[in-house]
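Asks: Mind looking over this structure? Questions follow.
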Amino acid sequence: MKTPLRTLLASALLCAPVLTTAAPAQTPEQLLDLYARALIEDDAAAARTLNDALRSDPDSEDALTLPPGAVAKALAEPLMAVQASIGVTPDAAATEEMFAKVLKASACRATGSTIEDNEYVDGQKIATVDFSCKVVDLDSVRPLFIASITSDDPAARRRFIDAYTQALKSGARRTVKGSQKMYSRAGQAYWFTGSFDQLISPVLDALAPFEQWSEDAQAASAPKVTGVPSCDLLLQQHRSCAVKIAPDRIFGVDVMEKELKAKAQVLSADEMTQECKALRPIAQMMWTDECA
């Protein structure tokens with residue numbers, strides 16, 4: 001279930017053009033709230049506000065034209081595929097509506113920002129906008145998911161699906177936090193960014209944590225270095241690979257380990273998970289077939 005789901009989510013986001021400007025009156029926090037409403041909550045009014053700002057900018061090119069319900073549909077399709085695999089006839093409209101309600105309730109909103117000069121671009125400012133979101137707590141579903149992927153029994157998949165959908169509909173919620181980078185052009189007051197992945201990923205990862213759960217299961221035997229399963233697994237895999245292909249450069253893994261241990265002292269588990277998720281493809285670029 002994990003691979004099709006992540007692929008569909010990525011496709012849905014890539015198909016949604018990203019607006020890169022906002023009206024001069026918008027602060028970084030206000031702009032992030034508008035994007036959260038438009039991209040995650042499918043809020044048409046927020047999209048109109050962003051489009052009005054876009055039309056007022058002489059440098060803009062395209063309007064924000066999001067396919068209605070794109071993210072909800074991307075979340076629904078893999079679940080319906082699993083339902084079909086055990087003989088359940090999926091209800092597309094009901095499943096997409098369920099995810100739409102969950103996304104609407106996420107309410108990602110800015111909690112503050114810090115602004116500093118961009119040392120690499122004269123006259124440009126960088127805003128780091130902190131935000132929090134309310135997501136469904138799926139921890140109780142995790143054991144059922146692990147059982148469903150380690151067994152060929154259709155009943156295990158059915159138990160997972162039933163528990164997962166019930167949690168989405170009426171489960172408890174928890175708060176996740178993140179930050180989004182935005183930039184201001186020299187001499188101009190509006191803020192822009194090339195990607196809102198930092199904003200959207202915490203919500204999608206919370207609602208579809210299956211890839212992460214699979215990694216956590218693999219990490220059970222990894223040395224506890226940071227206390228964050230995905231980070232510990234990455235360190236184990238990167239060290240194992242370095243020993244095989246470049247033992248003279250093992251110090252690089254030592255440096256990575258030291259930095260991640262230090263960050264784990266000040267960042268939350270969710271923030272560390274995002275940190276290591278971003279670091280993994282960088283590390284994998286150094287791996288060869290011998291590391292498989």
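The chains in the structure tokens are called A, B, ... from first to last as shown; in each chain the residues are counted from 1, and the ligands are counted from 1 in the order shown.
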Skip segment 142-150 of chain A itself and residues of its chain fewer than 3 positions away, then list as a list in words all residues within 9 Å of it, counting only C-alpha atoms.
Replies: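 Result of the neighbour search: Met1, Leu138, Asp139, Asp153, Pro154, Ala155, Ala156, Arg157, Arg158, Arg159, Phe160, Ile161, Ala163, Tyr164, Pro209, Phe210, Trp213, Ser214 and Ala217 of chain A.
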Asks: For those residues, write all heavy atoms to a file as a short mmCIF file (atom, residue, chain, number, x, y, z; two decimals), in the first residue's frame.
Replies:
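Output contents, as saved in selection-v7.cif:
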data_model
loop_
_atom_site.label_atom_id
_atom_site.label_comp_id
_atom_site.auth_asym_id
_atom_site.auth_seq_id
_atom_site.Cartn_x
_atom_site.Cartn_y
_atom_site.Cartn_z
N MET A 1 0.82 -1.22 0.00
CA MET A 1 0.00 0.00 0.00
C MET A 1 0.85 1.26 0.00
O MET A 1 0.48 2.28 -0.51
CB MET A 1 -0.91 0.00 1.22
CG MET A 1 -1.85 1.20 1.31
SD MET A 1 -2.97 1.05 2.72
CE MET A 1 -3.83 2.59 2.60
N LEU A 138 -3.01 8.07 14.78
CA LEU A 138 -3.16 6.72 14.24
C LEU A 138 -2.29 5.68 14.94
O LEU A 138 -2.14 4.56 14.45
CB LEU A 138 -2.85 6.72 12.74
CG LEU A 138 -3.78 7.53 11.85
CD1 LEU A 138 -3.27 7.54 10.41
CD2 LEU A 138 -5.20 6.97 11.89
N ASP A 139 -1.72 6.03 16.09
CA ASP A 139 -0.81 5.11 16.76
C ASP A 139 -1.46 3.76 17.07
O ASP A 139 -0.81 2.71 17.00
CB ASP A 139 -0.28 5.73 18.06
CG ASP A 139 0.85 6.71 17.80
OD1 ASP A 139 1.34 6.76 16.65
OD2 ASP A 139 1.25 7.44 18.73
N ASP A 153 -2.94 -13.20 5.05
CA ASP A 153 -4.32 -13.42 5.45
C ASP A 153 -5.16 -12.17 5.13
O ASP A 153 -4.91 -11.10 5.69
CB ASP A 153 -4.37 -13.72 6.95
CG ASP A 153 -5.78 -14.05 7.41
OD1 ASP A 153 -6.70 -14.11 6.56
OD2 ASP A 153 -5.96 -14.23 8.64
N PRO A 154 -6.17 -12.29 4.26
CA PRO A 154 -7.03 -11.14 3.95
C PRO A 154 -7.72 -10.58 5.19
O PRO A 154 -8.01 -9.38 5.25
CB PRO A 154 -8.06 -11.72 2.98
CG PRO A 154 -7.38 -12.90 2.36
CD PRO A 154 -6.52 -13.47 3.45
N ALA A 155 -7.94 -11.41 6.18
CA ALA A 155 -8.58 -10.93 7.41
C ALA A 155 -7.72 -9.90 8.13
O ALA A 155 -8.25 -8.97 8.74
CB ALA A 155 -8.86 -12.11 8.34
N ALA A 156 -6.40 -10.03 8.03
CA ALA A 156 -5.50 -9.06 8.66
C ALA A 156 -5.64 -7.71 7.98
O ALA A 156 -5.64 -6.66 8.64
CB ALA A 156 -4.06 -9.55 8.59
N ARG A 157 -5.76 -7.72 6.65
CA ARG A 157 -5.94 -6.46 5.93
C ARG A 157 -7.29 -5.84 6.24
O ARG A 157 -7.42 -4.62 6.38
CB ARG A 157 -5.80 -6.70 4.42
CG ARG A 157 -4.35 -6.74 3.94
CD ARG A 157 -4.25 -7.04 2.47
NE ARG A 157 -4.47 -8.46 2.19
CZ ARG A 157 -4.61 -8.96 0.98
NH1 ARG A 157 -4.58 -8.16 -0.07
NH2 ARG A 157 -4.77 -10.26 0.80
N ARG A 158 -8.31 -6.68 6.38
CA ARG A 158 -9.64 -6.17 6.72
C ARG A 158 -9.64 -5.50 8.10
O ARG A 158 -10.23 -4.44 8.29
CB ARG A 158 -10.67 -7.28 6.66
CG ARG A 158 -12.10 -6.80 6.91
CD ARG A 158 -13.07 -7.97 6.91
NE ARG A 158 -13.19 -8.57 5.59
CZ ARG A 158 -14.05 -8.14 4.66
NH1 ARG A 158 -14.84 -7.10 4.92
NH2 ARG A 158 -14.11 -8.73 3.49
N ARG A 159 -8.98 -6.14 9.06
CA ARG A 159 -8.91 -5.56 10.40
C ARG A 159 -8.20 -4.21 10.38
O ARG A 159 -8.64 -3.25 11.04
CB ARG A 159 -8.20 -6.51 11.36
CG ARG A 159 -9.02 -7.72 11.77
CD ARG A 159 -8.37 -8.48 12.92
NE ARG A 159 -7.15 -9.14 12.50
CZ ARG A 159 -7.10 -10.37 12.00
NH1 ARG A 159 -8.22 -11.07 11.85
NH2 ARG A 159 -5.95 -10.92 11.66
N PHE A 160 -7.13 -4.13 9.59
CA PHE A 160 -6.43 -2.86 9.48
C PHE A 160 -7.31 -1.79 8.84
O PHE A 160 -7.41 -0.67 9.34
CB PHE A 160 -5.14 -3.02 8.66
CG PHE A 160 -4.64 -1.74 8.07
CD1 PHE A 160 -4.17 -0.73 8.89
CD2 PHE A 160 -4.67 -1.52 6.70
CE1 PHE A 160 -3.72 0.48 8.35
CE2 PHE A 160 -4.24 -0.33 6.16
CZ PHE A 160 -3.76 0.68 6.98
N ILE A 161 -7.96 -2.13 7.72
CA ILE A 161 -8.81 -1.16 7.01
C ILE A 161 -9.93 -0.65 7.92
O ILE A 161 -10.20 0.56 7.98
CB ILE A 161 -9.40 -1.79 5.74
CG1 ILE A 161 -8.29 -2.01 4.71
CG2 ILE A 161 -10.48 -0.90 5.14
CD1 ILE A 161 -8.73 -2.82 3.51
N ALA A 163 -10.06 -0.53 11.21
CA ALA A 163 -9.53 0.31 12.29
C ALA A 163 -9.05 1.66 11.75
O ALA A 163 -9.25 2.71 12.39
CB ALA A 163 -8.39 -0.41 13.00
N TYR A 164 -8.43 1.63 10.58
CA TYR A 164 -7.92 2.87 9.96
C TYR A 164 -9.06 3.82 9.63
O TYR A 164 -9.00 5.02 9.97
CB TYR A 164 -7.12 2.50 8.71
CG TYR A 164 -6.56 3.66 7.93
CD1 TYR A 164 -5.76 4.62 8.54
CD2 TYR A 164 -6.82 3.78 6.56
CE1 TYR A 164 -5.22 5.68 7.80
CE2 TYR A 164 -6.29 4.83 5.83
CZ TYR A 164 -5.49 5.78 6.44
OH TYR A 164 -4.98 6.82 5.72
N PRO A 209 0.92 7.24 7.15
CA PRO A 209 2.26 7.03 7.71
C PRO A 209 2.84 5.66 7.40
O PRO A 209 3.79 5.23 8.05
CB PRO A 209 2.00 7.15 9.22
CG PRO A 209 0.62 6.59 9.38
CD PRO A 209 -0.14 6.99 8.13
N PHE A 210 2.32 4.98 6.39
CA PHE A 210 2.64 3.58 6.18
C PHE A 210 4.09 3.34 5.79
O PHE A 210 4.72 2.37 6.24
CB PHE A 210 1.68 2.99 5.14
CG PHE A 210 0.25 3.37 5.40
CD1 PHE A 210 -0.49 4.10 4.49
CD2 PHE A 210 -0.33 3.03 6.61
CE1 PHE A 210 -1.79 4.46 4.76
CE2 PHE A 210 -1.63 3.40 6.90
CZ PHE A 210 -2.38 4.12 5.97
N TRP A 213 6.00 3.75 8.97
CA TRP A 213 5.82 2.61 9.86
C TRP A 213 6.64 1.41 9.41
O TRP A 213 7.19 0.68 10.23
CB TRP A 213 4.33 2.24 9.94
CG TRP A 213 3.51 3.21 10.73
CD1 TRP A 213 3.95 4.24 11.50
CD2 TRP A 213 2.09 3.22 10.84
NE1 TRP A 213 2.90 4.90 12.07
CE2 TRP A 213 1.74 4.30 11.69
CE3 TRP A 213 1.06 2.44 10.30
CZ2 TRP A 213 0.41 4.60 12.01
CZ3 TRP A 213 -0.26 2.73 10.62
CH2 TRP A 213 -0.58 3.80 11.48
N SER A 214 6.70 1.21 8.10
CA SER A 214 7.50 0.10 7.58
C SER A 214 8.98 0.29 7.91
O SER A 214 9.68 -0.65 8.29
CB SER A 214 7.32 -0.02 6.06
OG SER A 214 5.99 -0.34 5.73
N ALA A 217 9.60 -0.44 11.53
CA ALA A 217 9.67 -1.87 11.79
C ALA A 217 11.07 -2.40 11.46
O ALA A 217 11.63 -3.23 12.20
CB ALA A 217 8.62 -2.62 10.97
#
Asks: Within 12 Å of Glu116 of chain A, counting only C-alpha atoms, which residues show up once you throw out same-chain ones fewer than 3 positions away? Write them as a VMD selection string, please.
Replies: chain A and resid 113 119 to 129 181 to 184
Asks: If you keep C-alpha atoms, can you produce a file of those selected residues as a JSON list (two decimals), in the first residue's frame?
Replies:
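File written: selection39.json
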[["chain", "number", "residue", "atom", "x", "y", "z"],
["A", 113, "SER", "CA", 8.06, 33.61, 12.07],
["A", 119, "GLU", "CA", 23.46, 35.90, 2.79],
["A", 120, "TYR", "CA", 23.55, 34.55, -0.76],
["A", 121, "VAL", "CA", 21.21, 37.08, -2.44],
["A", 122, "ASP", "CA", 21.67, 40.80, -1.90],
["A", 123, "GLY", "CA", 18.55, 42.54, -0.63],
["A", 124, "GLN", "CA", 16.58, 39.32, -0.19],
["A", 125, "LYS", "CA", 14.97, 38.29, 3.09],
["A", 126, "ILE", "CA", 14.21, 34.77, 4.31],
["A", 127, "ALA", "CA", 11.23, 34.11, 6.55],
["A", 128, "THR", "CA", 11.02, 30.85, 8.50],
["A", 129, "VAL", "CA", 7.34, 30.47, 9.30],
["A", 181, "LYS", "CA", 10.80, 28.84, 4.21],
["A", 182, "MET", "CA", 9.65, 31.90, 2.25],
["A", 183, "TYR", "CA", 11.62, 34.59, 0.44],
["A", 184, "SER", "CA", 11.13, 38.22, -0.47]]
Asks: Within segment 53-125 of chain A, find each residue whose DSSP state, derived from the backbone, is alpha helix (DSSP H), and express the selection as JSON, numbers by chain.
Replies: {"A": [53, 54, 55, 70, 71, 72, 73, 74, 75, 76, 77, 78, 79, 80, 81, 82, 83, 84, 85, 92, 93, 94, 95, 96, 97, 98, 99, 100, 101, 102, 103, 104]}
Asks: Which one is closest to Ala264 of chain A: A:Lys244, A:Arg239, A:Arg249, A:Lys224? Count only C-alpha atoms.
Replies: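 Using only C-alpha atoms, Ala264 of chain A sits closest to A:Lys224.
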Asks: I need the strand (DSSP E) residues of segment 113-226 of chain A per DSSP on the backbone, written as a PyMOL selection string.
Replies: chain A and resi 113-117+125-136+173-184+191-192
Asks: Restricting the output to N, CA, C and O atoms, write the selected residues as a CSV table (one decimal), in the first residue's frame.
Replies:
chain,number,residue,atom,x,y,z
A,113,SER,N,7.0,33.7,13.1
A,113,SER,CA,8.1,33.6,12.1
A,113,SER,C,9.3,34.4,12.5
A,113,SER,O,9.2,35.3,13.4
A,114,THR,N,10.4,34.0,11.9
A,114,THR,CA,11.6,34.8,12.1
A,114,THR,C,12.1,35.2,10.7
A,114,THR,O,12.0,34.4,9.7
A,115,ILE,N,12.6,36.4,10.6
A,115,ILE,CA,13.0,37.0,9.3
A,115,ILE,C,14.5,37.4,9.4
A,115,ILE,O,14.9,38.0,10.3
A,116,GLU,N,15.3,37.0,8.4
A,116,GLU,CA,16.7,37.3,8.4
A,116,GLU,C,17.1,37.6,6.9
A,116,GLU,O,16.4,37.3,6.0
A,117,ASP,N,18.3,38.2,6.8
A,117,ASP,CA,18.8,38.5,5.5
A,117,ASP,C,19.3,37.2,4.8
A,117,ASP,O,19.8,36.3,5.5
A,125,LYS,N,15.2,38.7,1.7
A,125,LYS,CA,15.0,38.3,3.1
A,125,LYS,C,14.5,36.9,3.1
A,125,LYS,O,13.8,36.4,2.1
A,126,ILE,N,14.7,36.1,4.1
A,126,ILE,CA,14.2,34.8,4.3
A,126,ILE,C,13.3,34.7,5.6
A,126,ILE,O,13.8,35.1,6.6
A,127,ALA,N,12.1,34.3,5.4
A,127,ALA,CA,11.2,34.1,6.5
A,127,ALA,C,11.1,32.6,6.8
A,127,ALA,O,10.8,31.8,5.9
A,128,THR,N,11.3,32.2,8.1
A,128,THR,CA,11.0,30.9,8.5
A,128,THR,C,9.7,30.9,9.3
A,128,THR,O,9.7,31.5,10.4
A,129,VAL,N,8.7,30.4,8.7
A,129,VAL,CA,7.3,30.5,9.3
A,129,VAL,C,7.0,29.2,10.0
A,129,VAL,O,6.9,28.1,9.4
A,130,ASP,N,6.9,29.2,11.3
A,130,ASP,CA,6.5,28.1,12.1
A,130,ASP,C,5.0,27.9,12.1
A,130,ASP,O,4.2,28.9,12.0
A,131,PHE,N,4.5,26.6,12.1
A,131,PHE,CA,3.1,26.4,12.0
A,131,PHE,C,2.8,25.1,12.8
A,131,PHE,O,3.7,24.3,13.1
A,132,SER,N,1.5,24.9,13.1
A,132,SER,CA,1.0,23.7,13.7
A,132,SER,C,-0.2,23.2,13.1
A,132,SER,O,-1.0,24.0,12.5
A,133,CYS,N,-0.5,21.9,13.1
A,133,CYS,CA,-1.6,21.3,12.4
A,133,CYS,C,-2.2,20.3,13.4
A,133,CYS,O,-1.5,19.7,14.2
A,134,LYS,N,-3.5,20.0,13.3
A,134,LYS,CA,-4.2,19.0,14.0
A,134,LYS,C,-4.5,17.8,13.1
A,134,LYS,O,-5.2,17.9,12.2
A,135,VAL,N,-3.9,16.7,13.5
A,135,VAL,CA,-4.0,15.5,12.7
A,135,VAL,C,-4.6,14.3,13.5
A,135,VAL,O,-4.5,14.3,14.7
A,136,VAL,N,-5.1,13.4,12.8
A,136,VAL,CA,-5.7,12.2,13.5
A,136,VAL,C,-4.5,11.4,14.1
A,136,VAL,O,-3.5,11.2,13.4
A,173,ARG,N,-7.1,13.4,18.2
A,173,ARG,CA,-6.2,14.2,17.3
A,173,ARG,C,-5.0,14.5,18.1
A,173,ARG,O,-5.0,14.6,19.4
A,174,ARG,N,-3.9,14.8,17.4
A,174,ARG,CA,-2.7,15.3,18.0
A,174,ARG,C,-2.2,16.4,17.2
A,174,ARG,O,-2.6,16.7,16.0
A,175,THR,N,-1.2,17.2,17.7
A,175,THR,CA,-0.7,18.3,17.1
A,175,THR,C,0.7,18.0,16.5
A,175,THR,O,1.5,17.4,17.1
A,176,VAL,N,0.9,18.4,15.2
A,176,VAL,CA,2.2,18.3,14.6
A,176,VAL,C,2.7,19.7,14.3
A,176,VAL,O,1.8,20.6,14.0
A,177,LYS,N,4.0,19.9,14.3
A,177,LYS,CA,4.5,21.2,14.0
A,177,LYS,C,5.5,21.1,12.9
A,177,LYS,O,6.1,20.1,12.6
A,178,GLY,N,5.7,22.2,12.2
A,178,GLY,CA,6.7,22.3,11.1
A,178,GLY,C,7.1,23.7,10.9
A,178,GLY,O,6.7,24.7,11.6
A,179,SER,N,7.9,23.9,9.8
A,179,SER,CA,8.3,25.3,9.4
A,179,SER,C,8.4,25.3,7.9
A,179,SER,O,8.7,24.3,7.3
A,180,GLN,N,8.1,26.5,7.3
A,180,GLN,CA,8.2,26.7,5.9
A,180,GLN,C,9.0,27.9,5.6
A,180,GLN,O,8.9,29.0,6.2
A,181,LYS,N,10.0,27.7,4.6
A,181,LYS,CA,10.8,28.8,4.2
A,181,LYS,C,10.1,29.7,3.1
A,181,LYS,O,9.5,29.1,2.2
A,182,MET,N,10.2,31.0,3.3
A,182,MET,CA,9.6,31.9,2.3
A,182,MET,C,10.7,33.0,2.0
A,182,MET,O,11.5,33.3,2.9
A,183,TYR,N,10.6,33.6,0.8
A,183,TYR,CA,11.6,34.6,0.4
A,183,TYR,C,11.0,35.8,-0.1
A,183,TYR,O,9.9,35.8,-0.7
A,184,SER,N,11.6,37.0,0.1
A,184,SER,CA,11.1,38.2,-0.5
A,184,SER,C,12.2,38.7,-1.5
A,184,SER,O,13.4,38.7,-1.2
A,191,TRP,N,6.0,37.8,-0.5
A,191,TRP,CA,6.8,36.6,-0.2
A,191,TRP,C,6.5,35.5,-1.1
A,191,TRP,O,5.4,35.3,-1.6
A,192,PHE,N,7.5,34.7,-1.5
A,192,PHE,CA,7.3,33.6,-2.4
A,192,PHE,C,8.2,32.4,-2.0
A,192,PHE,O,9.0,32.4,-1.1
Asks: So that I can see what lies close to Lys277 of chain A, please list as a VMD selection string the residues with an atom at most 12 Å from it, counting only C-alpha atoms and leaving out residues fewer than 6 positions away in the same chain.
Replies: chain A and resid 198 201 to 202 205 211 to 212 215 228 to 235 270 to 271 283 to 284
Asks: May I ask which of the residues A:Cys108, A:Met286, A:Ala94, A:Ala172 is the closest one to Gln237 of chain A, counting only C-alpha atoms?
Replies: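 For Gln237 of chain A, the nearest of the given residues is A:Met286.
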Asks: Residues of segment 98-204 of chain A within 8 Å of segment 65-76 of chain A: nearest atom pair and distance (Å, one decimal) for each, counting only C-alpha atoms, sorted by chain and number, as CSV?
Replies:
residue,atom,partner,partner_atom,distance
A:Phe99,CA,A:Ala72,CA,5.1
A:Ala100,CA,A:Ala72,CA,5.3
A:Leu103,CA,A:Ala72,CA,7.5
Asks: Just the number, please: distance in Å from atom CA of Lys104 of chain A to atom CA of Asp43 of chain A, one decimal.
Replies: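 About the pair atom CA of Lys104 of chain A and atom CA of Asp43 of chain A: they are 8.4 Å apart.
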Asks: Work out how far apart atom CA of Ile282 of chain A and atom CA of Leu267 of chain A are and give it in Å to one decimal.
Replies: 20.5 Å
Asks: Atom CA of Thr111 of chain A and atom CA of Glu97 of chain A are how many Å apart?
Replies: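 For atom CA of Thr111 of chain A relative to atom CA of Glu97 of chain A, the distance reads 28.4 Å.
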Asks: For Leu279 of chain A, which residue among A:Leu260, A:Ala219, A:Leu31, A:Cys241 is the nearest when counting only C-alpha atoms?
Replies: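 Closest to Leu279 of chain A of all the choices is A:Leu260.
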